[in-house]
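Asks: Please see the structure below; I have some questions.
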Amino acid sequence: MPGTVSDRPTTMRAVVVKRYGSPEVALELKEVDRPGLTADGILVRVRAASVNRVDWYRMSGVPFLLRLPFDLRRPRSRLVLGTDFAGTVEAAGKDVTGFRPGDEVFGAAAGTLAEYVSIPASGAVALKPATLTFEAAAAVPLAALTALQGLRDKGQLQPGQKVLINGASGGVGTFAVQIAKALGGEVTAVCSTGNVEMARSLGADRVVDYNREDFTRSDLRYDLIFDNAGSRGWSECKRVLKPQARLVLVGAAKGSRLLGPLGHIVRMRLRSVPSSQKFIFSVTNLNKADMAALRDLLDAGQVRPEVERTFPLSQVSGALRYLGEGHAKGKIVITL
Ligand SMILES: NC(=O)c1ccc[n+]([C@@H]2O[C@H](COP(=O)([O-])OP(=O)(O)OC[C@H]3O[C@@H](n4cnc5c(N)ncnc54)[C@H](OP(=O)(O)O)[C@@H]3O)[C@@H](O)[C@H]2O)c1
């Protein structure tokens, strides 16, 4: 019967976390059950995925605080890693109207470092722009949603406003520079020496090399700081914020083994309380409307994914080791 998966194999290859630790000891590529198809969902044959910092946290079990939703001693039920995917719809549930088998899609769901992923048709999934390869499309979802929501919703960036992107050259940062430009911002990008040219090529109006210049000592004043590096404290950032400005934090350094980035977030929140400027920690919401908004930006050529390296599914450990070094240039993509 078309649209069903009953006659197809019931297992697939997936990258699971067998125990907490470094990529070499934690990860295993193994056969697991294929996800099922629900009436309102689609089953996607994954052609490319990408890795994010959240995969590193889930794999390492550090910070310990993040283990609580899973299990303190070992990950519950062999957790499949991955959030981003691009691929082809293998089957669609009987109530699904927006997708058909054969459609090329991209999106965000749980457990995408696997040959198949299932997602409700109403979830964070959209038709893939025809101009993008699966590899480029898989680089987009989580990082670009984080940038879009942080700048547009939490940051309320308006055309003509001055925005500084701290950490402009990684997965989130490369999208943030381009989305801030698309929203009409005047963009200052902060990155290391080797990434200055890339930040310019993404459209930044001004680039600060953090090895040579301290952006918190500049005479410029910003309406918004979008920070995914979390490398500076509140009082330093406040110096370059206009009186009614916002600082939107989405990420920080790995921090202590117990709290991880949470320590930095809490310090920023507490220290910002007496200020006229607003501190906001933004948690990304995976949703369909924003996947459609990203698709529009990609179709219009206002955003293009930067993919630094690709790894096959059998080498996810190498991809996560590289990501864990903290200096990826754009996104790291996994091919299947
Ligand atoms: N809140 C959420 O819901 C959410 C969602 C997604 C991601 N995140 C977080 O966002 C952060 C960034 O994620 P990502 O995927 O973009 O990571 P990534 O690809 O590893 O990029 C991190 C970037 O940080 C830059 N960096 C390192 N030290 C810096 C410093 N002192 N000053 C300025 N930039 C510095 C690096 O650029 P250089 O090589 O040029 O130093 C690197 O490109 C992570 O902490 C992640 O956990 C949060």
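Labeling convention for the structure tokens: chains A, B, ... as they appear, residues from 1 per chain, ligands from 1 in order of appearance.
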Once DSSP has gone over the backbone, tell me which residues of region 126-205 of chain A are in helix (DSSP H, G or I), as a PDB file with N, CA and C atoms, in the first residue's frame.

Replies:
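Dumped to part.pdb:
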```pdb
ATOM      1  N   PHE A 134      21.652  18.567  -0.131  1.00  0.00           N
ATOM      2  CA  PHE A 134      21.238  18.037   1.172  1.00  0.00           C
ATOM      3  C   PHE A 134      22.240  18.469   2.255  1.00  0.00           C
ATOM      4  N   GLU A 135      23.521  18.478   1.912  1.00  0.00           N
ATOM      5  CA  GLU A 135      24.552  18.840   2.896  1.00  0.00           C
ATOM      6  C   GLU A 135      24.353  20.281   3.370  1.00  0.00           C
ATOM      7  N   ALA A 136      24.123  21.181   2.431  1.00  0.00           N
ATOM      8  CA  ALA A 136      23.946  22.593   2.808  1.00  0.00           C
ATOM      9  C   ALA A 136      22.665  22.773   3.614  1.00  0.00           C
ATOM     10  N   ALA A 137      21.596  22.083   3.201  1.00  0.00           N
ATOM     11  CA  ALA A 137      20.308  22.234   3.906  1.00  0.00           C
ATOM     12  C   ALA A 137      20.395  21.695   5.333  1.00  0.00           C
ATOM     13  N   ALA A 138      21.155  20.603   5.523  1.00  0.00           N
ATOM     14  CA  ALA A 138      21.258  20.014   6.865  1.00  0.00           C
ATOM     15  C   ALA A 138      22.030  20.908   7.823  1.00  0.00           C
ATOM     16  N   PRO A 141      19.011  24.027  10.148  1.00  0.00           N
ATOM     17  CA  PRO A 141      17.904  24.181  11.106  1.00  0.00           C
ATOM     18  C   PRO A 141      18.243  24.748  12.489  1.00  0.00           C
ATOM     19  N   LEU A 142      18.901  24.005  13.354  1.00  0.00           N
ATOM     20  CA  LEU A 142      19.027  24.483  14.735  1.00  0.00           C
ATOM     21  C   LEU A 142      19.830  25.787  14.818  1.00  0.00           C
ATOM     22  N   ALA A 143      20.953  25.855  14.112  1.00  0.00           N
ATOM     23  CA  ALA A 143      21.799  27.049  14.208  1.00  0.00           C
ATOM     24  C   ALA A 143      21.071  28.282  13.674  1.00  0.00           C
ATOM     25  N   ALA A 144      20.399  28.142  12.534  1.00  0.00           N
ATOM     26  CA  ALA A 144      19.740  29.308  11.949  1.00  0.00           C
ATOM     27  C   ALA A 144      18.480  29.698  12.715  1.00  0.00           C
ATOM     28  N   LEU A 145      17.743  28.703  13.244  1.00  0.00           N
ATOM     29  CA  LEU A 145      16.578  29.030  14.080  1.00  0.00           C
ATOM     30  C   LEU A 145      17.028  29.804  15.319  1.00  0.00           C
ATOM     31  N   THR A 146      18.166  29.398  15.873  1.00  0.00           N
ATOM     32  CA  THR A 146      18.697  30.071  17.062  1.00  0.00           C
ATOM     33  C   THR A 146      19.012  31.533  16.741  1.00  0.00           C
ATOM     34  N   ALA A 147      19.644  31.749  15.595  1.00  0.00           N
ATOM     35  CA  ALA A 147      19.991  33.119  15.196  1.00  0.00           C
ATOM     36  C   ALA A 147      18.733  33.934  14.896  1.00  0.00           C
ATOM     37  N   LEU A 148      17.803  33.343  14.154  1.00  0.00           N
ATOM     38  CA  LEU A 148      16.581  34.060  13.765  1.00  0.00           C
ATOM     39  C   LEU A 148      15.775  34.484  14.988  1.00  0.00           C
ATOM     40  N   GLN A 149      15.523  33.538  15.878  1.00  0.00           N
ATOM     41  CA  GLN A 149      14.687  33.852  17.048  1.00  0.00           C
ATOM     42  C   GLN A 149      15.396  34.800  18.018  1.00  0.00           C
ATOM     43  N   GLY A 150      16.708  34.630  18.150  1.00  0.00           N
ATOM     44  CA  GLY A 150      17.466  35.512  19.047  1.00  0.00           C
ATOM     45  C   GLY A 150      17.479  36.951  18.555  1.00  0.00           C
ATOM     46  N   LEU A 151      17.619  37.136  17.260  1.00  0.00           N
ATOM     47  CA  LEU A 151      17.710  38.495  16.698  1.00  0.00           C
ATOM     48  C   LEU A 151      16.320  39.126  16.523  1.00  0.00           C
ATOM     49  N   ARG A 152      15.410  38.392  15.907  1.00  0.00           N
ATOM     50  CA  ARG A 152      14.095  38.950  15.527  1.00  0.00           C
ATOM     51  C   ARG A 152      13.134  39.028  16.721  1.00  0.00           C
ATOM     52  N   ASP A 153      13.044  37.934  17.504  1.00  0.00           N
ATOM     53  CA  ASP A 153      12.029  37.865  18.563  1.00  0.00           C
ATOM     54  C   ASP A 153      12.569  38.394  19.894  1.00  0.00           C
ATOM     55  N   LYS A 154      13.653  37.784  20.382  1.00  0.00           N
ATOM     56  CA  LYS A 154      14.178  38.194  21.684  1.00  0.00           C
ATOM     57  C   LYS A 154      14.898  39.538  21.568  1.00  0.00           C
ATOM     58  N   GLY A 171      28.740  27.898  13.849  1.00  0.00           N
ATOM     59  CA  GLY A 171      27.462  27.497  13.267  1.00  0.00           C
ATOM     60  C   GLY A 171      26.402  28.576  13.428  1.00  0.00           C
ATOM     61  N   VAL A 172      26.135  28.981  14.661  1.00  0.00           N
ATOM     62  CA  VAL A 172      25.097  29.991  14.906  1.00  0.00           C
ATOM     63  C   VAL A 172      25.541  31.351  14.366  1.00  0.00           C
ATOM     64  N   GLY A 173      26.805  31.696  14.605  1.00  0.00           N
ATOM     65  CA  GLY A 173      27.289  33.041  14.269  1.00  0.00           C
ATOM     66  C   GLY A 173      27.237  33.356  12.788  1.00  0.00           C
ATOM     67  N   THR A 174      27.579  32.388  11.929  1.00  0.00           N
ATOM     68  CA  THR A 174      27.567  32.666  10.480  1.00  0.00           C
ATOM     69  C   THR A 174      26.139  32.945  10.001  1.00  0.00           C
ATOM     70  N   PHE A 175      25.149  32.267  10.613  1.00  0.00           N
ATOM     71  CA  PHE A 175      23.761  32.579  10.266  1.00  0.00           C
ATOM     72  C   PHE A 175      23.354  33.920  10.880  1.00  0.00           C
ATOM     73  N   ALA A 176      23.817  34.186  12.102  1.00  0.00           N
ATOM     74  CA  ALA A 176      23.409  35.426  12.781  1.00  0.00           C
ATOM     75  C   ALA A 176      23.845  36.663  11.989  1.00  0.00           C
ATOM     76  N   VAL A 177      25.066  36.644  11.457  1.00  0.00           N
ATOM     77  CA  VAL A 177      25.530  37.801  10.676  1.00  0.00           C
ATOM     78  C   VAL A 177      24.605  38.036   9.488  1.00  0.00           C
ATOM     79  N   GLN A 178      24.276  36.974   8.778  1.00  0.00           N
ATOM     80  CA  GLN A 178      23.472  37.112   7.559  1.00  0.00           C
ATOM     81  C   GLN A 178      22.021  37.479   7.878  1.00  0.00           C
ATOM     82  N   ILE A 179      21.466  36.882   8.939  1.00  0.00           N
ATOM     83  CA  ILE A 179      20.067  37.171   9.285  1.00  0.00           C
ATOM     84  C   ILE A 179      19.944  38.600   9.830  1.00  0.00           C
ATOM     85  N   ALA A 180      20.940  39.035  10.586  1.00  0.00           N
ATOM     86  CA  ALA A 180      20.925  40.420  11.085  1.00  0.00           C
ATOM     87  C   ALA A 180      20.951  41.400   9.913  1.00  0.00           C
ATOM     88  N   LYS A 181      21.727  41.103   8.895  1.00  0.00           N
ATOM     89  CA  LYS A 181      21.744  41.964   7.692  1.00  0.00           C
ATOM     90  C   LYS A 181      20.378  41.913   7.006  1.00  0.00           C
ATOM     91  N   ALA A 182      19.813  40.697   6.893  1.00  0.00           N
ATOM     92  CA  ALA A 182      18.510  40.563   6.221  1.00  0.00           C
ATOM     93  C   ALA A 182      17.418  41.332   6.966  1.00  0.00           C
ATOM     94  N   THR A 193      41.198  35.969  14.304  1.00  0.00           N
ATOM     95  CA  THR A 193      41.937  36.523  13.160  1.00  0.00           C
ATOM     96  C   THR A 193      41.655  35.762  11.855  1.00  0.00           C
ATOM     97  N   GLY A 194      41.677  34.440  11.941  1.00  0.00           N
ATOM     98  CA  GLY A 194      41.549  33.636  10.726  1.00  0.00           C
ATOM     99  C   GLY A 194      40.174  33.693  10.088  1.00  0.00           C
ATOM    100  N   ASN A 195      39.195  34.246  10.796  1.00  0.00           N
ATOM    101  CA  ASN A 195      37.822  34.249  10.277  1.00  0.00           C
ATOM    102  C   ASN A 195      37.330  35.627   9.854  1.00  0.00           C
ATOM    103  N   VAL A 196      38.234  36.618   9.915  1.00  0.00           N
ATOM    104  CA  VAL A 196      37.822  37.997   9.617  1.00  0.00           C
ATOM    105  C   VAL A 196      37.281  38.110   8.189  1.00  0.00           C
ATOM    106  N   GLU A 197      37.996  37.514   7.228  1.00  0.00           N
ATOM    107  CA  GLU A 197      37.567  37.638   5.827  1.00  0.00           C
ATOM    108  C   GLU A 197      36.219  36.954   5.607  1.00  0.00           C
ATOM    109  N   MET A 198      36.027  35.792   6.263  1.00  0.00           N
ATOM    110  CA  MET A 198      34.750  35.097   6.091  1.00  0.00           C
ATOM    111  C   MET A 198      33.609  35.958   6.638  1.00  0.00           C
ATOM    112  N   ALA A 199      33.810  36.565   7.807  1.00  0.00           N
ATOM    113  CA  ALA A 199      32.747  37.402   8.396  1.00  0.00           C
ATOM    114  C   ALA A 199      32.406  38.557   7.453  1.00  0.00           C
ATOM    115  N   ARG A 200      33.434  39.131   6.816  1.00  0.00           N
ATOM    116  CA  ARG A 200      33.167  40.208   5.838  1.00  0.00           C
ATOM    117  C   ARG A 200      32.354  39.673   4.669  1.00  0.00           C
ATOM    118  N   SER A 201      32.745  38.479   4.209  1.00  0.00           N
ATOM    119  CA  SER A 201      32.064  37.928   3.030  1.00  0.00           C
ATOM    120  C   SER A 201      30.604  37.587   3.330  1.00  0.00           C
TER     121      SER A 201
END
```

Asks: Around ligand 1, out to 7 Å and counting only C-alpha atoms and all ligand atoms, which residues are there? I want them as a count of residues only.

Replies: 39

Asks: Got a sec: who's within 12 Å of Thr335 (chain A), counting only C-alpha atoms, leaving out chain neighbours fewer than 5 positions off, as a PyMOL selection string?

Replies: chain A and resi 45-51+84-87+112-115+133-139+309-316+319

Asks: Can you spit out the residues from that selection as an mmCIF file, in the first residue's frame, using N, CA and C atoms?

Replies:
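As written to disk, selection.cif reads:
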```
data_model
loop_
_atom_site.group_PDB
_atom_site.id
_atom_site.type_symbol
_atom_site.label_atom_id
_atom_site.label_comp_id
_atom_site.auth_asym_id
_atom_site.auth_seq_id
_atom_site.Cartn_x
_atom_site.Cartn_y
_atom_site.Cartn_z
ATOM 1 N N ARG A 45 13.964 9.661 4.913
ATOM 2 C CA ARG A 45 15.248 8.988 4.680
ATOM 3 C C ARG A 45 16.307 10.092 4.758
ATOM 4 N N VAL A 46 17.132 10.045 5.801
ATOM 5 C CA VAL A 46 18.086 11.125 6.038
ATOM 6 C C VAL A 46 19.248 11.024 5.044
ATOM 7 N N ARG A 47 19.523 12.107 4.355
ATOM 8 C CA ARG A 47 20.647 12.143 3.413
ATOM 9 C C ARG A 47 21.828 12.919 3.983
ATOM 10 N N ALA A 48 21.548 13.850 4.881
ATOM 11 C CA ALA A 48 22.611 14.598 5.569
ATOM 12 C C ALA A 48 22.072 15.092 6.903
ATOM 13 N N ALA A 49 22.976 15.247 7.855
ATOM 14 C CA ALA A 49 22.609 15.773 9.174
ATOM 15 C C ALA A 49 23.730 16.730 9.572
ATOM 16 N N SER A 50 23.587 17.418 10.692
ATOM 17 C CA SER A 50 24.752 18.175 11.148
ATOM 18 C C SER A 50 24.863 18.045 12.654
ATOM 19 N N VAL A 51 26.046 18.359 13.176
ATOM 20 C CA VAL A 51 26.255 18.230 14.620
ATOM 21 C C VAL A 51 26.197 19.609 15.263
ATOM 22 N N ASP A 84 19.518 18.106 13.457
ATOM 23 C CA ASP A 84 19.283 18.635 12.104
ATOM 24 C C ASP A 84 19.238 17.497 11.079
ATOM 25 N N PHE A 85 18.370 17.658 10.091
ATOM 26 C CA PHE A 85 18.357 16.667 9.006
ATOM 27 C C PHE A 85 17.951 17.326 7.690
ATOM 28 N N ALA A 86 18.390 16.689 6.592
ATOM 29 C CA ALA A 86 17.840 16.969 5.266
ATOM 30 C C ALA A 86 17.722 15.618 4.588
ATOM 31 N N GLY A 87 16.640 15.411 3.869
ATOM 32 C CA GLY A 87 16.459 14.100 3.249
ATOM 33 C C GLY A 87 15.206 14.043 2.406
ATOM 34 N N THR A 112 18.533 12.500 14.669
ATOM 35 C CA THR A 112 18.717 12.582 13.213
ATOM 36 C C THR A 112 20.034 11.990 12.715
ATOM 37 N N LEU A 113 20.919 11.592 13.636
ATOM 38 C CA LEU A 113 22.157 10.938 13.174
ATOM 39 C C LEU A 113 21.832 9.458 12.969
ATOM 40 N N ALA A 114 20.982 9.223 11.994
ATOM 41 C CA ALA A 114 20.414 7.899 11.731
ATOM 42 C C ALA A 114 19.909 7.886 10.298
ATOM 43 N N GLU A 115 19.660 6.685 9.791
ATOM 44 C CA GLU A 115 19.217 6.598 8.396
ATOM 45 C C GLU A 115 17.786 7.108 8.190
ATOM 46 N N THR A 133 22.020 21.814 -1.753
ATOM 47 C CA THR A 133 22.298 20.386 -1.641
ATOM 48 C C THR A 133 21.754 19.894 -0.295
ATOM 49 N N PHE A 134 21.652 18.567 -0.131
ATOM 50 C CA PHE A 134 21.238 18.037 1.172
ATOM 51 C C PHE A 134 22.240 18.469 2.255
ATOM 52 N N GLU A 135 23.521 18.478 1.912
ATOM 53 C CA GLU A 135 24.552 18.840 2.896
ATOM 54 C C GLU A 135 24.353 20.281 3.370
ATOM 55 N N ALA A 136 24.123 21.181 2.431
ATOM 56 C CA ALA A 136 23.946 22.593 2.808
ATOM 57 C C ALA A 136 22.665 22.773 3.614
ATOM 58 N N ALA A 137 21.596 22.083 3.201
ATOM 59 C CA ALA A 137 20.308 22.234 3.906
ATOM 60 C C ALA A 137 20.395 21.695 5.333
ATOM 61 N N ALA A 138 21.155 20.603 5.523
ATOM 62 C CA ALA A 138 21.258 20.014 6.865
ATOM 63 C C ALA A 138 22.030 20.908 7.823
ATOM 64 N N ALA A 139 22.775 21.857 7.274
ATOM 65 C CA ALA A 139 23.540 22.770 8.129
ATOM 66 C C ALA A 139 22.648 23.818 8.777
ATOM 67 N N ARG A 309 33.290 21.422 6.993
ATOM 68 C CA ARG A 309 33.752 20.053 6.755
ATOM 69 C C ARG A 309 32.582 19.097 6.745
ATOM 70 N N THR A 310 32.728 17.989 6.022
ATOM 71 C CA THR A 310 31.725 16.926 6.087
ATOM 72 C C THR A 310 32.413 15.637 6.538
ATOM 73 N N PHE A 311 31.647 14.822 7.255
ATOM 74 C CA PHE A 311 32.124 13.511 7.724
ATOM 75 C C PHE A 311 31.045 12.485 7.393
ATOM 76 N N PRO A 312 31.433 11.228 7.072
ATOM 77 C CA PRO A 312 30.403 10.191 6.908
ATOM 78 C C PRO A 312 29.835 9.780 8.267
ATOM 79 N N LEU A 313 28.674 9.109 8.245
ATOM 80 C CA LEU A 313 28.012 8.707 9.497
ATOM 81 C C LEU A 313 28.946 7.872 10.378
ATOM 82 N N SER A 314 29.818 7.088 9.731
ATOM 83 C CA SER A 314 30.717 6.230 10.509
ATOM 84 C C SER A 314 31.796 7.031 11.241
ATOM 85 N N GLN A 315 31.898 8.339 10.924
ATOM 86 C CA GLN A 315 32.948 9.144 11.575
ATOM 87 C C GLN A 315 32.379 10.325 12.361
ATOM 88 N N VAL A 316 31.199 10.118 12.937
ATOM 89 C CA VAL A 316 30.607 11.192 13.757
ATOM 90 C C VAL A 316 31.527 11.541 14.925
ATOM 91 N N ALA A 319 33.765 14.197 13.866
ATOM 92 C CA ALA A 319 33.041 15.461 13.727
ATOM 93 C C ALA A 319 32.826 16.111 15.085
#
```

Asks: With only C-alpha atoms as the counted atoms, please give the residues lying no more than 8 Å from Phe281 (chain A), apart from itself and same-chain residues fewer than 5 positions off, as a PyMOL selection string.

Replies: chain A and resi 248-250+265

Asks: Write a file of the just-selected residues containing N, CA and C atoms, as a compact mmCIF listing (two decimals), in the first residue's frame.

Replies:
```
# COMPACT_ATOMS: atom_id res chain seq x y z
N VAL A 248 21.14 39.57 24.04
CA VAL A 248 20.54 38.25 23.92
C VAL A 248 21.67 37.22 23.92
N LEU A 249 21.66 36.37 24.93
CA LEU A 249 22.68 35.33 25.05
C LEU A 249 22.08 34.01 24.61
N VAL A 250 22.78 33.29 23.73
CA VAL A 250 22.29 31.95 23.37
C VAL A 250 23.27 30.86 23.77
N ILE A 265 25.22 32.15 32.54
CA ILE A 265 23.87 32.68 32.31
C ILE A 265 23.32 33.29 33.61
```

Asks: Would you give me, as a ChimeraX atom specification, the residues in region 148-294 of chain A that DSSP reads as strand (DSSP E or B)?

Replies: /A:162-166,186-191,206-209,222-227,241-249,256,260,278-281

Asks: Mind giving me the straight-line distance from CA of Gly123 (chain A) to CA of Leu65 (chain A) in Å, one decimal?

Replies: 27.5 Å

Asks: Output as a tab-separated table one row per residue of region 247-301 of chain A within 12 Å of region 89-106 of chain A: the closest atom pair and its distance in Å to one decimal place, counting only C-alpha atoms, sorted by chain and residue number ascending.

Replies:
```
residue	atom	partner	partner_atom	distance
A:Lys288	CA	A:Phe106	CA	10.7
A:Met291	CA	A:Phe106	CA	8.5
A:Ala292	CA	A:Phe106	CA	10.3
A:Leu294	CA	A:Phe106	CA	10.7
A:Arg295	CA	A:Phe106	CA	9.4
```

Asks: With C-alpha atoms kept, could you save the residues just selected as a tab-separated table (two decimals), in the first residue's frame?

Replies:
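Everything below was put into out-v5.tsv:
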```
chain	number	residue	atom	x	y	z
A	288	LYS	CA	7.37	25.01	11.38
A	291	MET	CA	11.53	26.80	9.18
A	292	ALA	CA	9.36	28.38	6.47
A	294	LEU	CA	14.36	30.33	6.88
A	295	ARG	CA	13.39	28.72	3.62
```

Asks: Interatomic distance between CA of Lys254 (chain A) and CA of Val273 (chain A)?

Replies: 23.9 Å

Asks: CA of Asp209 (chain A) and CA of Pro63 (chain A) are how many Å apart?

Replies: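 Atom-to-atom, CA of Asp209 (chain A) and CA of Pro63 (chain A) are spaced 29.5 Å apart.
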
Asks: Kindly assemble as CSV a list of the region 79-136 of chain A residues that lie within 7 Å of region 29-37 of chain A, each paired with its nearest atom pair and their distance in Å to one decimal, using only C-alpha atoms, sorted first by chain and then by ascending residue number.

Replies:
```
residue,atom,partner,partner_atom,distance
A:Gly93,CA,A:Leu37,CA,6.3
A:Tyr116,CA,A:Arg34,CA,6.7
A:Val117,CA,A:Pro35,CA,6.3
A:Ser118,CA,A:Pro35,CA,6.0
```

Asks: Grab the residues selected above and save them as a PDB file, in the first residue's frame with N, CA and C atoms.

Replies:
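The resulting out12.pdb:
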```
ATOM      1  N   GLY A  93       2.030   9.806   6.700  1.00  0.00           N
ATOM      2  CA  GLY A  93       0.868   9.251   7.392  1.00  0.00           C
ATOM      3  C   GLY A  93      -0.428   9.598   6.674  1.00  0.00           C
ATOM      4  N   TYR A 116      16.979   7.047   9.249  1.00  0.00           N
ATOM      5  CA  TYR A 116      15.589   7.514   9.147  1.00  0.00           C
ATOM      6  C   TYR A 116      15.231   8.319  10.375  1.00  0.00           C
ATOM      7  N   VAL A 117      14.344   9.297  10.167  1.00  0.00           N
ATOM      8  CA  VAL A 117      13.813  10.047  11.301  1.00  0.00           C
ATOM      9  C   VAL A 117      12.329  10.276  11.033  1.00  0.00           C
ATOM     10  N   SER A 118      11.535  10.258  12.100  1.00  0.00           N
ATOM     11  CA  SER A 118      10.117  10.578  11.909  1.00  0.00           C
ATOM     12  C   SER A 118       9.812  11.890  12.608  1.00  0.00           C
TER      13      SER A 118
END
```

Asks: Here is a test: counting only C-alpha atoms, which residue of A:Gln156, A:Ser122, A:Ser235, A:Ser60 is nearest to Ser275 (chain A)?

Replies: A:Ser235

Asks: Under the rule that only C-alpha atoms are counted, which of A:Gly41, A:Gly255, A:Gly82, A:Gly318 is the nearest residue to Ala121 (chain A)?

Replies: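 Closest to Ala121 (chain A), using only C-alpha atoms: A:Gly41.
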
Asks: Pick out the closest residue to Gln277 (chain A) from this set: A:Val240, A:Gly301, A:Ala293, A:Ser256. Count only C-alpha atoms.

Replies: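 Smallest separation from Gln277 (chain A) among the options: A:Val240.
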
Asks: Got a sec: who's within 7 Å of Asp223 (chain A), counting only C-alpha atoms, leaving out chain neighbours fewer than 4 positions off, as an NGL selection string?

Replies: :A and (161-163 or 241-242 or 245-246)

Asks: Deliver the residues from the most recent selection as a file, using N, CA and C atoms, as a short mmCIF file (atom, residue, chain, number, x, y, z; two decimals), in the first residue's frame.

Replies:
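Result written to result.cif:
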```cif
data_model
loop_
_atom_site.label_atom_id
_atom_site.label_comp_id
_atom_site.auth_asym_id
_atom_site.auth_seq_id
_atom_site.Cartn_x
_atom_site.Cartn_y
_atom_site.Cartn_z
N GLN A 161 19.20 49.57 13.07
CA GLN A 161 19.81 49.47 14.41
C GLN A 161 21.21 48.84 14.33
N LYS A 162 22.00 49.18 15.32
CA LYS A 162 23.36 48.64 15.40
C LYS A 162 23.35 47.36 16.24
N VAL A 163 23.87 46.28 15.63
CA VAL A 163 23.89 44.99 16.34
C VAL A 163 25.30 44.42 16.30
N LEU A 241 26.51 49.11 25.35
CA LEU A 241 25.07 49.02 25.06
C LEU A 241 24.43 50.39 25.24
N LYS A 242 23.54 50.77 24.32
CA LYS A 242 22.76 52.00 24.50
C LYS A 242 21.84 51.81 25.72
N ALA A 245 19.10 49.23 25.35
CA ALA A 245 19.50 48.12 24.48
C ALA A 245 19.23 46.76 25.13
N ARG A 246 19.39 45.71 24.32
CA ARG A 246 19.23 44.34 24.80
C ARG A 246 20.50 43.54 24.56
#
```

Asks: Kindly indicate which residue among A:Leu202, A:Leu224, A:Ala126, A:Cys237 lies nearest to Leu157 (chain A), using only C-alpha atoms for the distances.

Replies: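 For Leu157 (chain A), the nearest of the candidates is A:Leu224.
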